[in-house]
Each structure stands twice: as C-alpha cells, then as structure tokens.
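Written out below as structure tokens is the structure these notes cover.
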Amino acid sequence: MSKMVQGGLDESRLDLIRKQLKALSNRHAVEILQVLNPDTGEVIESMGWDEIVEGMLRLRGFRKPEERKGKEKTQEESTYEKKRKSLVSGGTIYESMTKMVKAGFVTAIGKRGKKNRQFVITHDGRLALAALSGMIGPTREDTEIQKTAKLLLRHKNFIRLLPAQDLFLREIEEVSGNLIIQMPPGSGKTFLAMIVILISLQKGIRGLYLSPYTSLNGQVIDEYKDIFEDLEFLVVRHDGQRRASEEELESAQLIVATYESFSSAFLERKTWTNNIGLLVIDELTELDSPMKVVQSAYLGTDRSVNLDYLITLLKPETQIITLSSRFGETEVVSEWLEADVFRPSVRMRPDEFIVTADDEKDLVYIHSSDGTQRTTIESENMLRAVLEHMGDYQNKSVLIVAGSRMDAEYYTRRLAESHPRDISDAIVTQTLGEITDRPVATRLKKVLEKGIAFHHSGLHESIRDSLEEHIKNKTIRTVVSTTGITSGMSFPFDSVIILFGSSMYYLEARSRYMQVAGRIGEYHLAEYGGKVYIIFESPTRSFTNAEEMEEQLLHRPLEPLQPGRLYPSLMANLMARTPIKSRMFQREKLEQEILDIASRTLRCKIVEECTDRIKEMFQILFTWFLDKGVFIKTDKEYKISSEAKSAVLSGIDLIQYVEVQDTLQKLDSPSEDELVKLILEFRLPQSMRPRSQVPSDIELKAMGLEPPEDWYLTVSKGRAEVKERVLKSWIHEEPVEHVLRLARETAKDLKVRGMNIDDGDLGTLVAFCSATAHDLAQFFDITKKKELADRMSILSRQFQFGAREDLAPTDLFELIVADETAPIPRKLTREEVRKLYDKGYQTISQVVRKDIDPSKRGLARDRFAKNSGFDIDFAKNIYKAALSYIRNQMEEGD
C-alpha cells in the first residue's frame with residue numbers, strides 16, 4: 001500500500017506531480033500547451049509540427065507572411081524564416097514535446113520521427129495550463145493591448161478574464177479607428193475601454209469618458225483613478241455631483257463626465273474641451289430617444305439629442321469607442337460612425353421566467369421563456385411564489401425591481417415581515433453611517449434591521465454608496481430597487497425579479513429589459529448561473545397582458561437606435577458657436593453651418609425631411625434673437641451682443657438668457673430671497689425632481705407644440721414654490737430633517753401632487769442650484785459687475801454647503817479630518833464648521849495661528865483643543881489636519 005503524506009496525497013501521486021512540474025519547467029512546455037489548447041467551446045484538434053511551430057511563433061508576435069509569387073524574399077519573410085529555424089534547430093522543441101507526452105499532458109498520434117505525426121492536448125494538460133494561467137495571469141503579452149490588460153488585471157486583482165474579454169484580447173491587436181463594442185451588461189466592457197484609454201494616455205493622447213449618469217462616473221473613478229494616477233496621469237471628474245475647476249480640467253489627461261456637463265462646455269468652446277483625442281461613450285443605447293412623441297412638458301430633456309449632436313461635432317477629429325449592449329440595425333450606426341464592431345458570439349444568459357396568476361383560484365403560473373419549464377404554485381402572492389420557485393432563499397442574493405420609490409419601499413416592508421434575513425448590527429450601522437435621523441434613512445433602518453434593503457435616488461449619496469458596497473460583498477442580499485440601480489454596475493445577484501404593474505414605465509423596450517436583467521453580471525453568471533423572473537401584476541401603459549409583454553421584451557428583434565428631434569435650447573447653443581468666436585457673421589453662412597451639422601447626425605441619416613424642420617426652427621429663432629437684441633444687424637452682416645456673448649461663455653443658453661435678461665440688468669443689491677427666486681427661473685433647477693419646468697413661448701413655437709395642459713402648469717407652480725421654501729430653509733442652516741419636513745408640509749398645504757423630496761433629491765437640487773449660481777457669477781464677472789459676481793460665488797457655496805452668507809466663504813468646508821468614529825477621514829459637517837466659526841476660528845489659517853502665544857506655556861494645539869468646544873481628541877485631529885493643509889499650501893506656493 002502507498003504511504004499517505006500531509007495533505008492527504010499518497011507518495012505515488014506526489015511523485016507524479018513532481019514529474020509533471022519538472023516537465024512543465026522545460027523551456028518550451030507552456031508554449032506548446034498554449035498552442036495545442038483550443039479556445040473555450042471549440043473542438044480539441046490534433047496538430048502537426050508545422051502548425052505547432054507557427055503557433056509558437058504567433059505567440060511571440062511573428063505571423064507567417066502571406067504566400068506570394070516571386071523569387072526574392074521580403075524582409076518580413078527573411079525575418080520569419082530566421083525565427084523559425086532558430087526555434088526548431090538544436091532539438092529542444094522536440095525534447096520538450098517528448099517530456100509533455102511522458103508527463104501525460106499531450107498524446108502523440110503516429111510513429112515517432114514521422115513528419116506527419118500529430119499531437120493532441122490531454123485533459124491533464126488543459127488542467128495544468130489552467131493552473132499556470134492562474135499563477136502567471138490570464139493573458140499573453142504579445143500585443144500592446146494584452147500587455148495593458150495584464151497591468152489592469154493586476155490592479156483589479158482579477159485572476160481571469162470573462163469569455164468576451166478574452167476574445168477581445170485575442171482578436172483585436174490594435175484599436176486604431178472608431179470601434180463599437182457590443183457586449184451584454186456586466187460582461188466587462190468598461191475594462192476593455194480602460195485598456196484603450198491607458199494605451200492612448202501613454203501615447204500622450206487626452207481622453208474623455210462620457211456616461212449618462214453621475215453614479216457611473218463615480219464607479220469609474222473609484223475603480224480606475226488610482227492606477228492612472230499611480231502612472232502619473234491626472235484624472236478629473238466633472239458632473240452635477242463633482243464640479244471640477246477650469247484649471248483642473250485643462251491640466252487633466254483623462255476627464256470623466258456626463259453627456260450634459262461636457263456638451264454644454266463644448267458648445268461654449270471652453271478651452272479644456274479642445275484636443276480630445278479619444279472619446280469613450282458609455283451606454284450608446286442612450287442614442288435611442290424614449291420620446292417617440294415630443295411632449296411640451298418634457299421639452300429639452302431628451303438626452304439622445306445631445307449625444308447625437310455631440311458625437312457629430314467630435315467625430316471628424318476624435319477617435320470614438322462606444323460601449324453598449326446589442327441594438328437593432330447595428331450596421332446603420334457603424335456606417336455613420338465609420339466604426340468597426342466587436343460583437344462576440346460568446347454570450348451567457350440567465351434562465352428567464354414569465355409569472356402570471358389566477359386570483360380567483362389563488363394559483364401562480366411560472367413558465368420559462370423557452371417553453372421547457374412550467375410550474376404551478378398555490379399561492380395568493382406572486383412574489384412569494386417566485387421566491388419559493390427560486391429555492392434556497394437564505395443562501396441566495398435577490399434583486400427585486402419596482403416601478404416607483406413608493407412600490408420599492410412597500411415591497412421591502414412586506415419582505416421584512418415575510419422573508420427576513422440575518423444581519424449584524426455592524427452592517428446596519430456601517431450602511432447608514434451618521435445619517436440616521438432623516439426620514440428616508442429611518443425607514444431604511446427599520447427594514448434593514450431585518451436584512452432587507454430598498455434602493456432609490458431618494459437615499460443620501462453616502463448611504464447609496466455604502467449599500468452598493470455591501471450588496472457587492474453579499475452582506476446585504478435582498479434588495480428592492482427602482483430601475484436606477486440597473487444603470488452601470490453589476491452585482492452578484494442570483495435572481496432578478498421584475499414587478500410589472502401600473503407604475504412601471506421604464507421597461508417598454510427589449511434593450512431596457514436586457515439592461516435590467518444584466519445586473520446579475522457575467523462574472524457571477526459564469527460561476528453560479530442566474531434567473532430572471534418577470535411578474536405581470538397588472539396592465540401597464542404599454543402592455544395590456546402578459547403575452548404582449550413577453551413578446552416585446554423577450555422575443556422581438558432588438559429595436560434600432562433613433563435619436564429625438566433637435567430642441568430649441570440646443571439649437572440656440574449651436575447657433576451661438578460661431579458668433580461667440582467671430583467679430584461678425586453672415587446669416588446665410590450660419591444657417592448653412594447648422595444644416596451641415598444636422599445633416600451629419602444619426603437622426604438625419606435615418607429620418608426623411610429632418611433638415612427641413614431644422615431650417616424652419618433656425619429661421620424662427622434667428623428672427624426672435626434679432627428682435628430681442630441678441631443678434632445685431634450691421635450693413636450686410638450680424639454680430640452677437642456683448643452681454644449675450646458673456647451669457648453663452650458663462651454656460652447660459654441664449655433662450656434662457658433672453659428670458660431672464662431684464663431681471664439680470666435690473667439686479668442691484670438683491671436680497672437673498674430675490675436671488676433664490678432668480679436661480680429657480682433657470683432650466684437646470686427646474687428640471688430637478690420634482691419637475692417644475694415649463695417651456696417658454698418661443699420654444700413651443702419653434703417646435704410647433706401646444707402649451708402644457710392646465711393641470712401641469714398648476715402643479716409646476718406649486719412645485720416651484722415648494723423648492724423655493726426648501727432652498728431658503730437649506731441656506732439658513734436649518735437641519736436637514738426640518739428642510740424635508742417643510743417640503744412635505746408645504747406640498748400638503750398647497751395640494752401639490754407628486755411632490756416628495758428625500759435626502760438624495762435635496763442633494764441633487766442644491767448641487768444644480770450651486771452650479772447655476774456659479775454660472776451667474778461667471779456672467780457678472782465677465783460683464784464687470786464685481787459685487788454681483790462675488791455675491792453669486794458666495795450663493796453658490798451657500799447652496800453647496802447649506803450655509804448662511806457669513807459662513808459660506810470659509811475654507812473650513814475644505815478641511816479633511818481623521819475621526820475615530822468614521823472608517824476614513826471626512827470633511828467637517830456644516831454644524832462643526834459653524835461651531836468653529838462662532839468660536840473665532842473662521843479660516844483654516846486661524847485654527848493653526850489664533851492660539852499661538854509665546855507668552856503662554858504649553859502648545860497652541862492644546863489651547864485650540866480647549867477653546868474649540870470639541871472633544872479634546874477630535875479637536876487635536878482638526879488642528880493636525882489644518883496644520884497639514886497649511887504646509888501643503890506653502891509647498892505648492894514654493
């Protein structure tokens with residue numbers, strides 16, 4: 001009998017492993033196995049010596065030249081022949097193969113020494129190669145793309161690629177032109193984009209990463225900023241949540257922005273938008289307009305139009321890489337972009353189930369979309385029946401997608417009672433952080449203590465971030481969410497359950513369904529599989545029955561992309577591009593310039609008579625601008641007025657400027673209430689939830705639309721008043737819970753429906769109000785109205801930090817302090833800054849210098865700790881942070 005050794009292996013098995021390891025250490029062993037190993041899913045074929053040698057040379061970056069007629073060898077042919085002879089001479093390759101055969105990694109077919117002898121990799125050989133790949137990394141390093149991929153894999157601590165990623169690295173040797181990458185959600189498209197970006201940055205090419213959502217920007221920054229900055233490339237985020245300075249943007253090698261934040265700056269011809277060599281567009285499917293019929297209440301909100309014109313303007317000078325899942329008629333878009341398409345056939349799909357019910361009999365019917373599985377469960381509740389069908393609930397992660405916040409929170413409460421999970425108090429505390437007394441946080445805490453969470457944009461940003469981290473780590477495993485969580489990041493969910501009812505408006509196209517279903521992610525899907533359940537609760541706006549829903553979402557061909565109609569505010573920005581850079585301009589040339597741009601858009605490529613409408617809109621707006629003094633006629637030419645030019649350069653579109661120009665011109669020592677009212681006249685704050693935007697008469701005329709219905713106008717007026725009271729309360733330093741309660745009470749008093757402001761909504765509203773005030777500060781600075789410019793700059797910070805006019809300018813808001821109660825250093829809260837300010841420490845410099853007194857014994861730090869009013873240890877951390885800040889400022893000054 002063989003003797004057992006530590007670890008459970010007998011001596012004979014251990015001896016075999018030693019021999020196999022020795023065989024693998026041979027010079028050409030790994031290369032031979034790599035050549036013989038087929039791609040995933042392909043048949044294992046035998047190879048002769050010629051094929052093996054060619055494969056080994058290909059691994060080293062030398063491809064066999066094409067056969068040609070002619071006597072003289074080319075340089076390429078001579079080099080290849082030299083490399084081939086070097087490889088086969090001396091017999092080492094044959095010795096390596098002999099040892100591979102003896103070790104059981106390769107099977108030889110035919111007699112030894114015969115030229116036609118064939119070789120096949122064995123199962124043991126493939127296992128050995130897989131084990132080696134885990135040790136040395138999953139990619140070869142023959143091409144620049146593969147080398148860069150290996151660097152990023154090491155950074156992300158990935159030991160293997162997904163099938164589609166692996167195929168990309170094997171098929172794409174170089175990305176020299178435009179490229180459309182079509183891969184399912186969660187299959188690693190962003191990783192591939194980062195490979196191309198990093199290669200470009202190393203060549204000195206500036207990059208721009210555009211996404212539709214601030215949440216996607218945050219994920220990109222979190223996952224890749226460190227590695228880029230370790231390689232000394234400056235990465236800057238610029239969107240509604242994180243506004244970068246002009247100086248930061250101009251010096252950045254990679255800018256991560258939303259479509260809208262870059263588009264407005266690009267149309268204003270900001271200098272930092274120049275010299276963009278590489279553009280990556282995440283979610284190209286946003287080119288498809290959700291508005292098949294333009295509605296006046298939503299005029300100017302169609303993201304597809306912005307993206308269509310942005311790509312059109314950048315396309316001539318910029319390499320474009322797009323990321324998306326599949327869409328219909330891809331060839332139309334690839335022809336428009338002049339782009340190649342990478343669309344791997346390697347796809348993993350979860351099992352899909354349709355769920356319906358017979359309420360009278362309390363029966364729930366569950367059938368698979370391919371017709372292979374049918375189940376009937378006796379239950380009066382479809383969701384409970386699905387969880388039963390899913391099986392092993394306590395050991396699985398589940399995402400339930402609802403159509404509204406109200407529905408998400410309702411189902412969370414029900415599941416907390418019927419399907420609670422174990423969760424530690426530490427996880428609950430970590431998720432909520434310090435924000436526990438807000439209404440929405442209080443509601444989350446109640447269900448989270450039973451292991452169930454809801455997720456929607458009303459949650460504070462910090463809670464959403466923490467919640468998503470716990471979902472990724474599987475410490476929170478049942479989540480009920482609105483469709484917002486389905487944008488971008490994939491999670492390790494075993495099942496996704498979609499609740500189709502009257503509030504579900506988002507999922508009307510197959511492409512959007514695939515986006516939601518893809519939240520399982522291919523990493524998790526490849527390892528564990530997954531299921532998607534579509535529960536048809538009741539008829540929706542688009543589907544009257546379950547059969548219609550199934551046909552549309554699961555079986556119909558994918559819809560082609562079609563951007564929406566050009567809207568007036570974007571047309572105004574296009575019309576301003578030439579006038580703001582020219583002393584004079586001609587109307588006919590400007591009109592032709594706009595029509596040329598429009599004719600190159602995707603919409604005008606696929607929609608007949610597209611430019612006819614645009615020509616009509618141009619004429620209406622030009623006449624109006626002329627009448628309002630925006631354009632001024634000279635003998636034969638035109639010019640833009642100096643104040644209108646200043647407005648455009650400040651980020652204010654021409655229509656918006658005309659609407660508020662009388663107010664701006666009359667503004668003189670305005671009160672704070674007047675300034676808040678002014679901010680709410682702008683489109684950006686109006687468009688924030690809850691929407692209070694009403695299109696102007698000229699916009700309606702240019703689009704040929706009727707005004708919104710009376711009920712919408714009444715609701716918009718009430719919503720605007722609620723926003724006004726909320727903003728005033730916020731900048732008067734009222735506690736957040738008081739601000740949110742005021743919003744609810746005001747909405748109730750005014751009988752305003754659809755008016756709920758939660759933590760997340762408040763954060764977004766004040767961020768965009770701050771951005772609008774910042775634009776106005778720039779406008780007044782350019783027009784030489786210094787007092788108003790300064791006041792608007794302070795107002796911008798008031799909105800940003802929720803501070804009164806006296807407190808807003810202090811740099812104490814920028815101080816980052818270590819706190820033993822928090823896992824990472826944090827900024828001071830508004831209340832902490834106010835406490836320091838009222839104690840006489842009104843700047844970071846005063847924190848350090850105010851208590852310096854040579855006549856007194858002891859350290860200034862200790863005197864500050866005593867005088868600040870804070871706990872001694874926390875006060876010393878504030879002092880330490882302030883001292884570090886001052887030193888850094890001095891070093892930067894040197």
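Ligands are numbered from 1 in the order shown, chains are lettered A, B, ... in the order of the structure tokens, and residues start at 1 in each chain.
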
Surrounding residues of A:Leu788 excluding itself and chain neighbours under 2 positions, 12 Å, only C-alpha atoms, as a ChimeraX atom specification: /A:664-672,675,773-774,776-786,790-795

Nearby residues (only C-alpha atoms) at most 7 Å from A:Ser46, same-chain spacing under 5 positions excluded, as a ChimeraX atom specification: /A:118-120

Could you pull the residues within 7 Å of stretch 747-753 of chain A, counting only C-alpha atoms, minus those fewer than 5 positions along the same chain, as an mmCIF file with all heavy atoms, in the first residue's frame?
```
data_model
loop_
_atom_site.group_PDB
_atom_site.id
_atom_site.type_symbol
_atom_site.label_atom_id
_atom_site.label_comp_id
_atom_site.auth_asym_id
_atom_site.auth_seq_id
_atom_site.Cartn_x
_atom_site.Cartn_y
_atom_site.Cartn_z
ATOM 1 N N VAL A 715 -49.527 72.404 -11.205
ATOM 2 C CA VAL A 715 -48.616 71.576 -10.414
ATOM 3 C C VAL A 715 -47.203 72.158 -10.434
ATOM 4 O O VAL A 715 -46.520 72.218 -9.403
ATOM 5 C CB VAL A 715 -48.613 70.124 -10.949
ATOM 6 C CG1 VAL A 715 -47.441 69.338 -10.371
ATOM 7 C CG2 VAL A 715 -49.916 69.420 -10.596
ATOM 8 N N GLY A 718 -46.871 75.082 -8.091
ATOM 9 C CA GLY A 718 -46.801 74.645 -6.700
ATOM 10 C C GLY A 718 -45.456 74.024 -6.365
ATOM 11 O O GLY A 718 -44.888 74.264 -5.292
ATOM 12 N N ARG A 719 -44.918 73.224 -7.285
ATOM 13 C CA ARG A 719 -43.614 72.588 -7.063
ATOM 14 C C ARG A 719 -42.511 73.639 -6.948
ATOM 15 O O ARG A 719 -41.596 73.508 -6.119
ATOM 16 C CB ARG A 719 -43.300 71.616 -8.197
ATOM 17 C CG ARG A 719 -44.152 70.366 -8.187
ATOM 18 C CD ARG A 719 -43.884 69.507 -9.410
ATOM 19 N NE ARG A 719 -44.627 68.248 -9.382
ATOM 20 C CZ ARG A 719 -44.608 67.367 -10.366
ATOM 21 N NH1 ARG A 719 -43.898 67.602 -11.458
ATOM 22 N NH2 ARG A 719 -45.298 66.241 -10.260
ATOM 23 N N VAL A 722 -42.597 75.092 -3.520
ATOM 24 C CA VAL A 722 -42.020 74.169 -2.539
ATOM 25 C C VAL A 722 -40.495 74.224 -2.615
ATOM 26 O O VAL A 722 -39.807 74.297 -1.590
ATOM 27 C CB VAL A 722 -42.520 72.729 -2.774
ATOM 28 C CG1 VAL A 722 -41.798 71.761 -1.830
ATOM 29 C CG2 VAL A 722 -44.027 72.650 -2.557
#
```

Expected answer as number ranges by chain: strand (DSSP E or B) residues in stretch 149-373 of chain A: A: 178-182, 207-211, 235-238, 254-258, 278-282, 319-324, 328, 339-342, 351-358, 363-368

Non-local contacts of A:Phe168 (12 Å; only C-alpha atoms; under 2 positions in same chain excluded) as number ranges by chain: A: 139, 143, 145-146, 149, 161-166, 170-175, 179, 181-183, 187-189, 191-193, 195-196, 341-346

Shell of 10 Å around A:Val332, only C-alpha atoms, local chain residues under 4 positions omitted, as a list in words: Gly328, Trp336, Leu337, Glu338, Pro560, Leu561, Leu602, Lys605 and Ile606 of chain A

Prev. selection, N, CA and C atoms, output as a PDB file, in the first residue's frame:
```pdb
ATOM      1  N   GLY A 328     -30.653  47.014 -32.459  1.00  0.00           N
ATOM      2  CA  GLY A 328     -31.027  46.638 -33.816  1.00  0.00           C
ATOM      3  C   GLY A 328     -30.327  47.472 -34.879  1.00  0.00           C
ATOM      4  N   TRP A 336     -22.462  55.142 -39.898  1.00  0.00           N
ATOM      5  CA  TRP A 336     -22.491  56.561 -39.500  1.00  0.00           C
ATOM      6  C   TRP A 336     -21.209  56.942 -38.758  1.00  0.00           C
ATOM      7  N   LEU A 337     -20.759  56.078 -37.871  1.00  0.00           N
ATOM      8  CA  LEU A 337     -19.553  56.356 -37.085  1.00  0.00           C
ATOM      9  C   LEU A 337     -18.264  55.992 -37.819  1.00  0.00           C
ATOM     10  N   GLU A 338     -18.423  55.301 -38.954  1.00  0.00           N
ATOM     11  CA  GLU A 338     -17.252  54.763 -39.667  1.00  0.00           C
ATOM     12  C   GLU A 338     -16.439  53.906 -38.702  1.00  0.00           C
ATOM     13  N   PRO A 560     -33.819  49.372 -33.518  1.00  0.00           N
ATOM     14  CA  PRO A 560     -32.693  50.225 -33.911  1.00  0.00           C
ATOM     15  C   PRO A 560     -32.691  51.513 -33.092  1.00  0.00           C
ATOM     16  N   LEU A 561     -31.549  52.173 -33.040  1.00  0.00           N
ATOM     17  CA  LEU A 561     -31.446  53.435 -32.312  1.00  0.00           C
ATOM     18  C   LEU A 561     -31.970  54.574 -33.181  1.00  0.00           C
ATOM     19  N   LEU A 602     -27.048  61.246 -36.727  1.00  0.00           N
ATOM     20  CA  LEU A 602     -27.678  59.944 -36.959  1.00  0.00           C
ATOM     21  C   LEU A 602     -29.149  60.112 -37.274  1.00  0.00           C
ATOM     22  N   LYS A 605     -29.697  61.011 -40.752  1.00  0.00           N
ATOM     23  CA  LYS A 605     -29.306  59.917 -41.642  1.00  0.00           C
ATOM     24  C   LYS A 605     -30.470  58.944 -41.852  1.00  0.00           C
ATOM     25  N   ILE A 606     -31.323  58.819 -40.822  1.00  0.00           N
ATOM     26  CA  ILE A 606     -32.377  57.795 -40.893  1.00  0.00           C
ATOM     27  C   ILE A 606     -33.788  58.366 -40.993  1.00  0.00           C
TER      28      ILE A 606
END
```

Contacts of stretch 300-316 of chain A at 6 Å (only C-alpha atoms; same-chain gap of 4+ positions) as a ChimeraX atom specification: /A:286-289,563-564,567,601

Print the selection's residues with all heavy atoms to a file, as a PDB file, in the first residue's frame.
```
ATOM      1  N   GLU A 286     -28.219  55.079 -25.253  1.00  0.00           N
ATOM      2  CA  GLU A 286     -28.879  56.336 -24.907  1.00  0.00           C
ATOM      3  C   GLU A 286     -29.136  57.191 -26.147  1.00  0.00           C
ATOM      4  O   GLU A 286     -29.843  58.191 -26.086  1.00  0.00           O
ATOM      5  CB  GLU A 286     -28.031  57.129 -23.908  1.00  0.00           C
ATOM      6  CG  GLU A 286     -27.926  56.501 -22.530  1.00  0.00           C
ATOM      7  CD  GLU A 286     -29.232  56.556 -21.749  1.00  0.00           C
ATOM      8  OE1 GLU A 286     -29.996  57.513 -21.952  1.00  0.00           O
ATOM      9  OE2 GLU A 286     -29.491  55.639 -20.941  1.00  0.00           O
ATOM     10  N   LEU A 287     -28.576  56.792 -27.289  1.00  0.00           N
ATOM     11  CA  LEU A 287     -28.878  57.469 -28.556  1.00  0.00           C
ATOM     12  C   LEU A 287     -30.311  57.226 -28.993  1.00  0.00           C
ATOM     13  O   LEU A 287     -30.802  57.889 -29.900  1.00  0.00           O
ATOM     14  CB  LEU A 287     -27.931  56.974 -29.653  1.00  0.00           C
ATOM     15  CG  LEU A 287     -26.744  57.846 -30.031  1.00  0.00           C
ATOM     16  CD1 LEU A 287     -25.908  57.161 -31.101  1.00  0.00           C
ATOM     17  CD2 LEU A 287     -27.161  59.229 -30.480  1.00  0.00           C
ATOM     18  N   ASP A 288     -30.957  56.251 -28.385  1.00  0.00           N
ATOM     19  CA  ASP A 288     -32.351  55.960 -28.739  1.00  0.00           C
ATOM     20  C   ASP A 288     -33.275  56.799 -27.864  1.00  0.00           C
ATOM     21  O   ASP A 288     -33.249  56.699 -26.638  1.00  0.00           O
ATOM     22  CB  ASP A 288     -32.640  54.474 -28.542  1.00  0.00           C
ATOM     23  CG  ASP A 288     -34.007  54.087 -29.071  1.00  0.00           C
ATOM     24  OD1 ASP A 288     -34.385  54.583 -30.147  1.00  0.00           O
ATOM     25  OD2 ASP A 288     -34.694  53.287 -28.417  1.00  0.00           O
ATOM     26  N   SER A 289     -34.096  57.616 -28.482  1.00  0.00           N
ATOM     27  CA  SER A 289     -34.981  58.505 -27.731  1.00  0.00           C
ATOM     28  C   SER A 289     -36.124  57.731 -27.089  1.00  0.00           C
ATOM     29  O   SER A 289     -36.779  56.911 -27.750  1.00  0.00           O
ATOM     30  CB  SER A 289     -35.559  59.579 -28.644  1.00  0.00           C
ATOM     31  OG  SER A 289     -36.522  60.353 -27.951  1.00  0.00           O
ATOM     32  N   PRO A 563     -32.370  58.754 -32.477  1.00  0.00           N
ATOM     33  CA  PRO A 563     -32.366  59.942 -31.605  1.00  0.00           C
ATOM     34  C   PRO A 563     -33.606  60.791 -31.811  1.00  0.00           C
ATOM     35  O   PRO A 563     -34.281  60.714 -32.842  1.00  0.00           O
ATOM     36  CB  PRO A 563     -31.097  60.693 -32.045  1.00  0.00           C
ATOM     37  CG  PRO A 563     -30.276  59.685 -32.782  1.00  0.00           C
ATOM     38  CD  PRO A 563     -31.253  58.754 -33.426  1.00  0.00           C
ATOM     39  N   GLY A 564     -33.902  61.628 -30.809  1.00  0.00           N
ATOM     40  CA  GLY A 564     -35.061  62.505 -30.878  1.00  0.00           C
ATOM     41  C   GLY A 564     -34.804  63.758 -31.703  1.00  0.00           C
ATOM     42  O   GLY A 564     -33.714  63.985 -32.233  1.00  0.00           O
ATOM     43  N   TYR A 567     -34.086  70.141 -30.184  1.00  0.00           N
ATOM     44  CA  TYR A 567     -34.956  71.039 -29.440  1.00  0.00           C
ATOM     45  C   TYR A 567     -34.348  72.443 -29.404  1.00  0.00           C
ATOM     46  O   TYR A 567     -33.142  72.643 -29.630  1.00  0.00           O
ATOM     47  CB  TYR A 567     -35.243  70.501 -28.036  1.00  0.00           C
ATOM     48  CG  TYR A 567     -34.026  70.070 -27.251  1.00  0.00           C
ATOM     49  CD1 TYR A 567     -33.236  70.986 -26.563  1.00  0.00           C
ATOM     50  CD2 TYR A 567     -33.665  68.726 -27.178  1.00  0.00           C
ATOM     51  CE1 TYR A 567     -32.142  70.588 -25.842  1.00  0.00           C
ATOM     52  CE2 TYR A 567     -32.558  68.318 -26.450  1.00  0.00           C
ATOM     53  CZ  TYR A 567     -31.798  69.258 -25.791  1.00  0.00           C
ATOM     54  OH  TYR A 567     -30.696  68.861 -25.069  1.00  0.00           O
ATOM     55  N   THR A 601     -25.882  64.168 -38.528  1.00  0.00           N
ATOM     56  CA  THR A 601     -26.334  63.456 -37.324  1.00  0.00           C
ATOM     57  C   THR A 601     -26.953  62.114 -37.699  1.00  0.00           C
ATOM     58  O   THR A 601     -27.360  61.899 -38.850  1.00  0.00           O
ATOM     59  CB  THR A 601     -27.380  64.278 -36.548  1.00  0.00           C
ATOM     60  OG1 THR A 601     -28.533  64.479 -37.390  1.00  0.00           O
ATOM     61  CG2 THR A 601     -26.810  65.616 -36.105  1.00  0.00           C
TER      62      THR A 601
END
```

Among the residues A:Ile32, A:Ile366, A:Leu201, A:Met504, the one that comes closest to A:Ala402 [using only C-alpha atoms]: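 Of all the options, A:Met504 lies closest to A:Ala402.
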
Surrounding residues of stretch 834-839 of chain A excluding itself and chain neighbours under 6 positions, 12 Å, only C-alpha atoms, as a PyMOL selection string: chain A and resi 732-733+801-813+828+846-847+850-851+864-870+875+878-879

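With only C-alpha atoms as the atoms that count, the residue of A:Leu231, A:Leu16, A:Leu279, A:Leu208 with the shortest distance to A:Leu254 is A:Leu208.
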
Closest of A:Ser855, A:Ser466, A:Ser25, A:Thr843 to A:Leu883 - atom-to-atom distances counting only C-alpha atoms: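 Going through A:Ser855, A:Ser466, A:Ser25, A:Thr843 one by one, the smallest distance to A:Leu883 is for A:Thr843.
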
Interatomic distance, atom CA of A:His155 to atom CA of A:Ala252 (Å, one decimal):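 Between atom CA of A:His155 and atom CA of A:Ala252 the gap is 21.3 Å.
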
Atom pair atom CA of A:Asp862 / atom CA of A:Val848: separation (Å): 11.0 Å

Proximity to A:Thr98 - best of A:His28, A:Arg374, A:Arg683, A:Arg237, only C-alpha atoms: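 Result for the nearest residue to A:Thr98: A:His28.
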